[in-house]
$ cat coords_12.csv   # CSV, C-alpha atoms and all ligand atoms
chain,number,residue,atom,x,y,z
A,22,MET,CA,138.2,-59.4,-14.4
A,23,LYS,CA,138.6,-57.1,-11.4
A,24,ALA,CA,135.5,-56.1,-9.4
A,25,SER,CA,136.2,-52.4,-10.0
A,26,HIS,CA,136.3,-53.0,-13.8
A,27,ARG,CA,133.1,-54.9,-13.7
A,28,ILE,CA,131.3,-52.1,-11.8
A,29,ALA,CA,132.7,-49.5,-14.2
A,30,GLY,CA,131.4,-51.6,-17.2
A,31,ILE,CA,127.9,-51.9,-15.7
A,32,VAL,CA,127.8,-48.2,-15.0
A,33,ALA,CA,129.0,-47.4,-18.6
A,34,VAL,CA,126.2,-49.6,-20.0
A,35,VAL,CA,123.5,-48.1,-17.8
A,36,VAL,CA,124.6,-44.5,-18.4
A,37,SER,CA,124.9,-44.9,-22.2
A,38,SER,CA,121.5,-46.7,-22.4
A,39,VAL,CA,119.8,-43.9,-20.4
A,40,PHE,CA,121.5,-41.2,-22.5
A,41,LEU,CA,120.5,-42.9,-25.8
A,42,ILE,CA,116.9,-43.5,-24.7
A,43,ALA,CA,116.6,-39.9,-23.5
A,44,PHE,CA,118.0,-38.7,-26.9
A,45,THR,CA,115.5,-40.6,-28.9
A,46,TYR,CA,112.6,-39.4,-26.7
A,47,ALA,CA,113.8,-35.7,-26.8
A,48,TYR,CA,113.0,-35.3,-30.5
A,49,ASP,CA,109.8,-35.6,-32.4
A,50,TRP,CA,110.8,-37.8,-35.3
A,51,PHE,CA,107.4,-38.5,-36.6
A,52,PRO,CA,105.0,-36.8,-39.1
A,53,THR,CA,101.7,-35.2,-37.9
A,54,GLN,CA,99.5,-37.6,-35.9
A,55,LEU,CA,96.4,-37.6,-38.2
A,56,THR,CA,94.4,-40.4,-36.5
A,57,PRO,CA,93.8,-41.7,-32.9
A,58,GLY,CA,95.9,-44.7,-34.0
A,59,SER,CA,98.9,-42.6,-35.0
A,60,GLY,CA,99.6,-41.8,-31.3
A,61,LYS,CA,99.3,-45.5,-30.3
A,62,ILE,CA,101.7,-46.6,-33.0
A,63,ASP,CA,104.2,-43.9,-32.1
A,64,GLY,CA,103.9,-45.1,-28.5
A,65,LEU,CA,104.6,-48.6,-29.6
A,66,TYR,CA,107.6,-47.5,-31.7
A,67,LYS,CA,109.1,-45.6,-28.7
A,68,LEU,CA,108.6,-48.6,-26.4
A,69,LEU,CA,110.4,-50.9,-28.9
A,70,THR,CA,113.2,-48.4,-29.2
A,71,ALA,CA,113.5,-48.0,-25.4
A,72,VAL,CA,113.7,-51.8,-25.0
A,73,SER,CA,116.1,-52.3,-27.9
A,74,ILE,CA,118.7,-49.8,-26.8
A,75,PRO,CA,119.9,-51.5,-23.6
A,76,PHE,CA,120.3,-54.8,-25.5
A,77,PHE,CA,122.3,-53.0,-28.3
A,78,VAL,CA,124.5,-51.3,-25.7
A,79,LEU,CA,125.1,-54.5,-23.7
A,80,ILE,CA,126.0,-56.5,-26.8
A,81,VAL,CA,128.4,-53.9,-28.2
A,82,ALA,CA,130.0,-53.4,-24.7
A,83,PHE,CA,130.4,-57.2,-24.3
A,84,MET,CA,132.0,-57.4,-27.8
A,85,VAL,CA,134.5,-54.7,-27.0
A,86,PHE,CA,135.3,-56.3,-23.6
A,87,CYS,CA,135.9,-59.7,-25.4
A,88,LEU,CA,138.2,-58.0,-28.0
A,89,VAL,CA,140.4,-56.6,-25.2
A,90,GLU,CA,140.2,-59.3,-22.6
A,91,PHE,CA,140.7,-62.3,-24.8
A,92,ARG,CA,143.2,-60.9,-27.4
A,93,VAL,CA,146.1,-63.1,-28.4
A,94,ASP,CA,149.2,-62.8,-26.4
A,95,PRO,CA,151.9,-61.4,-28.8
A,96,SER,CA,154.5,-63.8,-27.3
A,97,ASP,CA,152.4,-66.9,-28.2
A,98,PRO,CA,153.0,-68.8,-31.5
A,99,PRO,CA,150.5,-67.6,-34.2
A,100,ASP,CA,148.8,-71.0,-34.6
A,101,LYS,CA,148.2,-71.6,-30.9
A,102,ASP,CA,144.7,-72.9,-30.1
A,103,GLY,CA,142.4,-71.2,-27.6
A,104,GLU,CA,141.7,-72.9,-24.3
A,105,PRO,CA,138.9,-75.5,-24.6
A,106,ILE,CA,135.7,-74.6,-22.7
A,107,HIS,CA,132.6,-76.7,-21.9
A,108,GLY,CA,129.9,-74.1,-22.2
A,109,SER,CA,127.5,-73.1,-19.3
A,110,THR,CA,123.9,-74.4,-19.1
A,111,ARG,CA,123.0,-71.5,-16.8
A,112,ILE,CA,124.2,-68.8,-19.2
A,113,GLU,CA,122.5,-70.5,-22.1
A,114,LEU,CA,119.2,-70.7,-20.3
A,115,ILE,CA,119.5,-67.0,-19.5
A,116,TRP,CA,120.3,-65.8,-23.0
A,117,THR,CA,117.5,-68.0,-24.4
A,118,GLY,CA,114.9,-67.3,-21.7
A,119,VAL,CA,115.2,-63.5,-21.3
A,120,PRO,CA,115.0,-62.6,-25.1
A,121,LEU,CA,112.1,-65.1,-25.5
A,122,LEU,CA,110.1,-63.5,-22.7
A,123,VAL,CA,110.9,-59.9,-24.0
A,124,ILE,CA,109.9,-60.8,-27.6
A,125,LEU,CA,106.7,-62.5,-26.4
A,126,LEU,CA,105.6,-59.6,-24.3
A,127,LEU,CA,106.3,-57.1,-27.0
A,128,GLY,CA,104.6,-59.3,-29.6
A,129,ILE,CA,101.4,-59.5,-27.4
A,130,TYR,CA,101.5,-55.7,-26.8
A,131,SER,CA,101.9,-55.0,-30.5
A,132,TRP,CA,99.0,-57.3,-31.3
A,133,VAL,CA,96.8,-55.4,-28.8
A,134,VAL,CA,97.7,-52.0,-30.3
A,135,LEU,CA,97.2,-53.1,-33.9
A,136,ASP,CA,93.9,-54.7,-33.0
A,137,LYS,CA,92.7,-51.4,-31.6
A,138,VAL,CA,94.1,-49.3,-34.5
A,139,GLU,CA,92.5,-51.5,-37.1
A,140,ALA,CA,89.1,-52.0,-35.4
A,141,LYS,CA,86.0,-51.7,-37.6
A,142,GLN,CA,84.1,-48.5,-37.1
A,143,LYS,CA,80.4,-47.9,-37.5
A,144,ASN,CA,79.0,-46.5,-40.8
A,145,PRO,CA,82.4,-45.9,-42.5
A,146,MET,CA,82.9,-44.1,-45.8
A,147,VAL,CA,84.0,-46.8,-48.2
A,148,ILE,CA,86.5,-45.9,-50.8
A,149,ASN,CA,87.9,-48.3,-53.4
A,150,VAL,CA,91.6,-47.6,-54.0
A,151,THR,CA,93.1,-49.0,-57.1
A,152,GLY,CA,96.8,-48.7,-57.8
A,153,GLN,CA,98.2,-48.8,-61.4
A,154,GLN,CA,101.6,-47.8,-62.8
A,155,TYR,CA,101.9,-44.9,-61.7
A,156,ILE,CA,98.7,-43.4,-60.2
A,157,TRP,CA,96.1,-44.1,-57.5
A,158,ASN,CA,92.5,-44.2,-58.6
A,159,TYR,CA,89.7,-43.7,-56.0
A,160,GLU,CA,86.1,-44.7,-56.2
A,161,TYR,CA,83.9,-43.3,-53.4
A,162,VAL,CA,81.4,-46.2,-53.0
A,163,LYS,CA,79.3,-45.2,-50.0
A,164,ASN,CA,79.1,-43.0,-46.9
A,165,GLY,CA,77.3,-45.1,-44.3
A,166,SER,CA,74.3,-46.3,-46.2
A,167,GLU,CA,74.3,-43.5,-48.7
A,168,LYS,CA,75.6,-44.4,-52.2
A,169,LEU,CA,78.2,-42.0,-53.6
A,170,GLY,CA,79.5,-43.3,-57.0
A,171,VAL,CA,82.2,-40.7,-57.5
A,172,LYS,CA,85.5,-41.5,-59.2
A,173,THR,CA,88.7,-39.5,-59.2
A,174,SER,CA,92.4,-39.9,-59.8
A,175,SER,CA,93.5,-36.6,-58.4
A,176,ASP,CA,93.4,-35.6,-54.7
A,177,LEU,CA,91.7,-37.9,-52.2
A,178,VAL,CA,89.3,-35.5,-50.5
A,179,VAL,CA,87.7,-36.7,-47.2
A,180,PRO,CA,85.7,-35.1,-44.4
A,181,VAL,CA,87.3,-34.8,-41.0
A,182,ASN,CA,86.4,-37.2,-38.1
A,183,LYS,CA,84.7,-39.6,-40.6
A,184,PRO,CA,85.8,-43.3,-40.2
A,185,LEU,CA,87.2,-44.4,-43.6
A,186,GLU,CA,87.5,-47.9,-45.0
A,187,PHE,CA,89.7,-48.2,-48.0
A,188,ARG,CA,89.4,-51.4,-50.1
A,189,ILE,CA,92.7,-51.7,-51.8
A,190,THR,CA,93.7,-53.5,-55.0
A,191,SER,CA,95.9,-53.1,-58.1
A,192,LEU,CA,95.4,-53.3,-61.9
A,193,ASP,CA,98.9,-54.5,-62.6
A,194,VAL,CA,102.0,-55.0,-60.4
A,195,ILE,CA,102.1,-54.9,-56.6
A,196,HIS,CA,101.9,-51.3,-55.2
A,197,SER,CA,101.6,-50.3,-51.5
A,198,PHE,CA,99.2,-47.6,-50.3
A,199,TRP,CA,100.8,-45.6,-47.5
A,200,VAL,CA,99.6,-42.6,-45.6
A,201,PRO,CA,102.5,-41.7,-43.3
A,202,ALA,CA,100.4,-39.4,-41.1
A,203,ALA,CA,98.1,-42.3,-40.4
A,204,ARG,CA,101.1,-44.6,-39.8
A,205,LEU,CA,99.4,-47.3,-41.9
A,206,LYS,CA,100.3,-48.9,-45.2
A,207,ARG,CA,98.8,-51.8,-47.2
A,208,ASP,CA,99.9,-53.7,-50.2
A,209,ALA,CA,97.8,-53.3,-53.4
A,210,THR,CA,97.7,-56.6,-55.2
A,211,ALA,CA,95.9,-57.5,-58.4
A,212,GLY,CA,92.9,-59.9,-57.9
A,213,VAL,CA,92.9,-59.3,-54.1
A,214,VAL,CA,91.1,-56.6,-52.1
A,215,THR,CA,92.5,-55.7,-48.7
A,216,PRO,CA,91.0,-53.3,-46.3
A,217,LEU,CA,92.7,-50.4,-44.4
A,218,ARG,CA,90.8,-48.3,-41.9
A,219,PHE,CA,91.5,-45.0,-40.2
A,220,THR,CA,89.7,-41.9,-39.0
A,221,PRO,CA,91.4,-38.6,-39.8
A,222,GLU,CA,91.1,-36.1,-36.9
A,223,LYS,CA,92.8,-33.0,-38.3
A,224,THR,CA,92.0,-31.0,-41.5
A,225,GLY,CA,95.0,-30.4,-43.8
A,226,SER,CA,96.9,-31.9,-46.7
A,227,TYR,CA,98.9,-35.1,-46.2
A,228,ASP,CA,101.1,-37.3,-48.3
A,229,ILE,CA,100.0,-40.5,-50.0
A,230,VAL,CA,103.0,-42.6,-51.1
A,231,CYS,CA,103.4,-45.8,-53.1
A,232,THR,CA,105.9,-47.7,-50.9
A,233,GLU,CA,106.5,-50.7,-53.1
A,234,LEU,CA,109.0,-50.5,-55.9
A,235,CYS,CA,106.6,-50.9,-58.9
A,236,GLY,CA,108.6,-49.7,-61.9
A,237,VAL,CA,110.4,-46.7,-63.4
A,238,GLY,CA,107.7,-44.3,-62.3
A,239,HIS,CA,107.5,-45.6,-58.7
A,240,SER,CA,108.9,-42.4,-57.2
A,241,THR,CA,106.3,-40.3,-59.0
A,242,MET,CA,103.4,-42.4,-57.7
A,243,ARG,CA,102.4,-39.9,-55.0
A,244,GLY,CA,99.2,-38.2,-54.1
A,245,ARG,CA,97.6,-35.9,-51.5
A,246,LEU,CA,95.0,-36.8,-48.9
A,247,LYS,CA,93.0,-33.6,-48.3
A,248,VAL,CA,91.0,-33.7,-45.0
A,249,VAL,CA,88.4,-30.9,-45.1
A,250,SER,CA,85.4,-29.9,-42.9
A,251,THR,CA,82.2,-31.8,-43.5
A,252,ALA,CA,80.6,-28.8,-45.2
A,253,ASP,CA,83.5,-28.4,-47.6
A,254,TRP,CA,83.4,-32.0,-48.4
A,255,VAL,CA,79.7,-31.9,-49.3
A,256,LYS,CA,80.5,-29.0,-51.6
A,257,TRP,CA,83.4,-30.9,-53.2
A,258,LEU,CA,81.1,-33.9,-53.7
A,259,LYS,CA,78.5,-31.8,-55.4
A,260,ALA,CA,81.1,-30.4,-57.7
A,261,GLN,CA,82.4,-33.8,-58.6
A,262,LYS,CA,78.9,-35.1,-59.4
A,263,SER,CA,78.2,-32.2,-61.7
A,264,GLY,CA,81.7,-32.3,-63.2
A,265,GLY,CA,81.4,-35.6,-65.2
A,266,ALA,CA,82.7,-39.0,-64.7
A,267,GLY,CA,86.4,-38.0,-64.5
A,268,GLY,CA,85.8,-35.4,-61.9
A,269,GLY,CA,87.0,-31.8,-62.4
A,270,GLY,CA,85.5,-31.5,-65.9
A,271,THR,CA,85.6,-28.6,-68.3
A,272,PRO,CA,83.1,-25.8,-68.0
A,273,GLY,CA,81.2,-27.1,-71.1
A,274,GLY,CA,80.8,-30.6,-69.4
A,275,GLY,CA,82.9,-33.6,-70.3
A,276,PRO,CA,86.3,-34.5,-69.0
A,277,ASP,CA,89.4,-32.2,-69.4
A,278,GLY,CA,92.3,-33.8,-71.3
A,279,LYS,CA,94.9,-31.7,-69.6
A,280,GLN,CA,93.6,-32.7,-66.1
A,281,ILE,CA,93.5,-36.3,-67.2
A,282,PHE,CA,97.2,-36.1,-68.3
A,283,THR,CA,98.2,-34.6,-65.0
A,284,SER,CA,96.1,-36.7,-62.7
A,285,ASN,CA,97.2,-40.0,-64.4
A,286,GLY,CA,100.8,-39.1,-63.8
A,287,CYS,CA,101.7,-39.0,-67.5
A,288,GLY,CA,104.0,-36.0,-66.9
A,289,GLY,CA,106.2,-38.3,-64.7
A,290,CYS,CA,107.5,-39.9,-67.9
A,291,HIS,CA,106.6,-37.5,-70.8
A,292,LYS,CA,107.8,-34.0,-71.4
A,293,LEU,CA,104.9,-31.7,-72.3
A,294,ALA,CA,105.2,-28.0,-71.5
A,295,ALA,CA,101.4,-27.4,-71.8
A,296,ALA,CA,100.8,-29.6,-68.8
A,297,ASP,CA,104.0,-29.2,-66.9
A,298,GLY,CA,105.2,-32.7,-67.8
A,299,ALA,CA,109.0,-32.9,-67.3
A,300,GLY,CA,109.7,-36.7,-67.4
A,301,THR,CA,112.4,-38.2,-69.7
A,302,THR,CA,111.6,-41.9,-69.3
A,303,GLY,CA,109.3,-41.8,-72.3
A,304,PRO,CA,109.5,-39.8,-75.5
A,305,ALA,CA,108.8,-36.0,-75.3
A,306,LEU,CA,105.4,-35.0,-76.5
A,307,ASP,CA,106.3,-31.4,-77.2
A,308,GLY,CA,106.5,-31.1,-81.0
A,309,ALA,CA,105.9,-34.8,-81.5
A,310,GLY,CA,103.3,-34.0,-84.1
A,311,LEU,CA,101.4,-37.3,-83.7
A,312,SER,CA,98.0,-37.8,-85.2
A,313,ALA,CA,95.0,-38.6,-83.1
A,314,ASP,CA,95.1,-42.2,-84.2
A,315,GLU,CA,98.8,-42.6,-83.4
A,316,LEU,CA,98.2,-41.1,-80.0
A,317,ARG,CA,95.3,-43.3,-79.2
A,318,GLU,CA,97.2,-46.4,-80.2
A,319,SER,CA,100.2,-45.4,-78.0
A,320,ILE,CA,98.0,-44.9,-75.0
A,321,VAL,CA,95.8,-48.1,-75.3
A,322,ASP,CA,98.5,-50.4,-76.7
A,323,PRO,CA,101.9,-48.8,-75.8
A,324,GLY,CA,103.9,-51.8,-76.9
A,325,ALA,CA,102.6,-51.6,-80.6
A,326,LYS,CA,105.2,-49.0,-81.7
A,327,ILE,CA,108.3,-48.1,-79.6
A,328,ALA,CA,110.0,-44.8,-80.1
A,329,ASN,CA,113.7,-45.2,-80.9
A,330,GLY,CA,116.0,-45.4,-77.9
A,331,PHE,CA,113.2,-45.7,-75.3
A,332,PRO,CA,112.4,-48.8,-73.1
A,333,ASN,CA,109.0,-50.5,-73.5
A,334,VAL,CA,107.8,-49.8,-70.0
A,335,MET,CA,104.6,-47.8,-70.3
A,336,PRO,CA,101.7,-49.5,-68.5
A,337,ALA,CA,99.1,-51.0,-70.9
A,338,THR,CA,96.3,-50.4,-68.4
A,339,PHE,CA,95.1,-46.9,-69.5
A,340,GLY,CA,92.8,-48.4,-72.1
A,341,LYS,CA,91.0,-50.1,-69.2
A,342,SER,CA,91.2,-47.4,-66.5
A,343,LEU,CA,90.2,-44.4,-68.7
A,344,SER,CA,86.6,-44.1,-69.8
A,345,LYS,CA,86.0,-43.6,-73.6
A,346,GLU,CA,85.2,-39.9,-73.0
A,347,GLU,CA,88.3,-39.5,-70.9
A,348,LEU,CA,90.4,-41.2,-73.6
A,349,ASP,CA,88.9,-39.0,-76.4
A,350,ALA,CA,89.5,-35.8,-74.3
A,351,LEU,CA,93.1,-36.9,-73.6
A,352,VAL,CA,93.9,-37.7,-77.3
A,353,LYS,CA,92.3,-34.4,-78.4
A,354,PHE,CA,94.4,-32.5,-75.8
A,355,LEU,CA,97.6,-34.2,-76.8
A,356,ALA,CA,97.1,-33.8,-80.5
A,357,GLU,CA,96.7,-30.0,-79.9
A,358,ALA,CA,99.4,-29.5,-77.3
A,359,GLY,CA,102.0,-31.7,-79.0
A,360,LYS,CA,101.9,-30.1,-82.4
B,1,LIG,CU1,103.3,-48.0,-57.3
B,1,LIG,CU2,105.5,-47.8,-56.3

$ encode --input "coords_12.csv" --output "structure tokens"
Amino acid sequence: MKASHRIAGIVAVVVSSVFLIAFTYAYDWFPTQLTPGSGKIDGLYKLLTAVSIPFFVLIVAFMVFCLVEFRVDPSDPPDKDGEPIHGSTRIELIWTGVPLLVILLLGIYSWVVLDKVEAKQKNPMVINVTGQQYIWNYEYVKNGSEKLGVKTSSDLVVPVNKPLEFRITSLDVIHSFWVPAARLKRDATAGVVTPLRFTPEKTGSYDIVCTELCGVGHSTMRGRLKVVSTADWVKWLKAQKSGGAGGGGTPGGGPDGKQIFTSNGCGGCHKLAAADGAGTTGPALDGAGLSADELRESIVDPGAKIANGFPNVMPATFGKSLSKEELDALVKFLAEAGK
């Protein structure tokens, strides 16, 4: 290889690396930074990208060089062997030692960042998060030492600048609780409770996503994290406590069947105009004309009778996750709306 070619190659690798790194840094690819940890994780991500790019460019450049430099001479016979070589201890030490050092340093730095991001905070608000096909249930356990005892399956409403500790589990298959704005996700597994901690710093409405393929309704298993001022949160809490166990009750007290249908994600699989359900995975409820007893059986024990042409995929957990009052309200609503 001529010295001038070698220099040109090195220049090409350096210039393209710098250009690619500058390109990835010039755009903001990330969602809102909701927590102090979000910025730290974005910083780590950018560092990993910046370190990976020169290696990527170097490897591709070397591959192209080898393709050109060592290609078969057209005048040779097609079955001619390549020249035998004996390897090089020096090169092997370099290509083992350098990546080992880089990975070790990045690993240690990642550990330091994650340790900071996930550190325990004083007096957190504890919220139990339970995944089930295809809805997230929240139970506000306590705020510091104050007991809360509020349950909801609709929006997760939290006060701004309050350290949150989620205790995550599942009623059925494995789900994964993900808040992209907080840059954190955690698997929800039945029989295991795993913690996730962050402190939202900005009011607003943010995505909650299930990021583990958990069944036909996986893509509908989404929610909203609403971060509000402390005063608004106290108001919200009061309304929840007076609105009945299900949260968001009817004016006459007691849970609202339509709200239960919506907040449990039923519309993800069942068509029902009265509650904006548009799913086609399960049988349509519009005009189904089912009796209250039939409806109740299909909710509590969905496998008992299967509508023609539909798969037996409805979760059998609603009998457990809905209270008796909520189930009664849902059945009543469906019997009326599905006439
Ligand atoms: Cu739950 Cu995907």

$ residues_near_point --input "coords_12.csv" --point "(94.7, -35.4, -82.9)" --cutoff "9 Å" --atoms "all atoms listed in the file" --output "list in words"
Gly310, Leu311, Ser312, Ala313, Asp314, Glu315, Leu316, Arg317, Val352, Lys353, Phe354, Leu355, Ala356, Glu357 and Lys360 of chain A

$ residues_near_ligand --input "coords_12.csv" --ligand "ligand LIG 1 (chain B)" --cutoff "9 Å" --atoms "only C-alpha atoms and all ligand atoms" --output "PyMOL selection string"
chain A and resi 152-157+194-198+209+230-243

$ atom_distance --input "coords_12.csv" --atom1 "atom CA of Tyr227 of chain A" --atom2 "atom CA of Leu246 of chain A"
5.0 Å

$ atom_distance --input "coords_12.csv" --atom1 "atom CA of Gly340 of chain A" --atom2 "atom CA of Ile320 of chain A"
6.9 Å

$ closest_residue --input "coords_12.csv" --among "A:Pro105, A:Ala203, A:Asp176, A:His26" --to "Glu90 of chain A" --atoms "all atoms listed in the file"
A:His26

$ atom_distance --input "coords_12.csv" --atom1 "atom CA of Val72 of chain A" --atom2 "atom CA of Trp199 of chain A"
26.7 Å

$ closest_residue --input "coords_12.csv" --among "A:Pro75, A:Pro145, A:Pro201, A:Gly288" --to "Ser166 of chain A" --atoms "only C-alpha atoms"
A:Pro145

$ closest_residue --input "coords_12.csv" --among "A:Leu135, A:Val255, A:Val39, A:Leu192" --to "Thr338 of chain A" --atoms "all atoms listed in the file"
A:Leu192

$ closest_residue --input "coords_12.csv" --among "A:Ala337, A:Phe282, A:Ala211, A:Thr220" --to "Ala325 of chain A" --atoms "only C-alpha atoms"
A:Ala337

$ residues_near_point --input "coords_12.csv" --point "(112.9, -44.1, -68.0)" --cutoff "12 Å" --atoms "all atoms listed in the file" --output "PyMOL selection string"
chain A and resi 236-241+289-292+299-305+330-335

$ closest_residue --input "coords_12.csv" --among "A:Val81, A:Val171, A:Leu55, A:Met146" --to "Ser263 of chain A" --atoms "all atoms listed in the file"
A:Val171

$ residues_around --input "coords_12.csv" --residues "Leu127 of chain A" --least-positions-apart "3" --cutoff "12 Å" --atoms "only C-alpha atoms" --output "list in words"
Leu65, Tyr66, Lys67, Leu68, Leu69, Thr70, Ala71, Val72, Ser73, Pro120, Leu121, Leu122, Val123, Ile124, Tyr130, Ser131, Trp132, Val133 and Val134 of chain A

$ residues_around --input "coords_12.csv" --residues "Pro180 of chain A" --least-positions-apart "6" --cutoff "12 Å" --atoms "all atoms listed in the file" --output "ChimeraX atom specification"
/A:145-146,164,220-226,246-258

$ residues_around --input "coords_12.csv" --residues "Thr215 of chain A" --least-positions-apart "6" --cutoff "12 Å" --atoms "all atoms listed in the file" --output "list in words"
Ile148, Asn149, Val150, Thr151, Glu186, Phe187, Arg188, Ile189, Thr190, Ser191, Ser197, Phe198, Lys206, Arg207, Asp208 and Ala209 of chain A

$ closest_residue --input "coords_12.csv" --among "A:Ala309, A:Val178, A:Ala328, A:Val138" --to "Ile62 of chain A" --atoms "all atoms listed in the file"
A:Val138
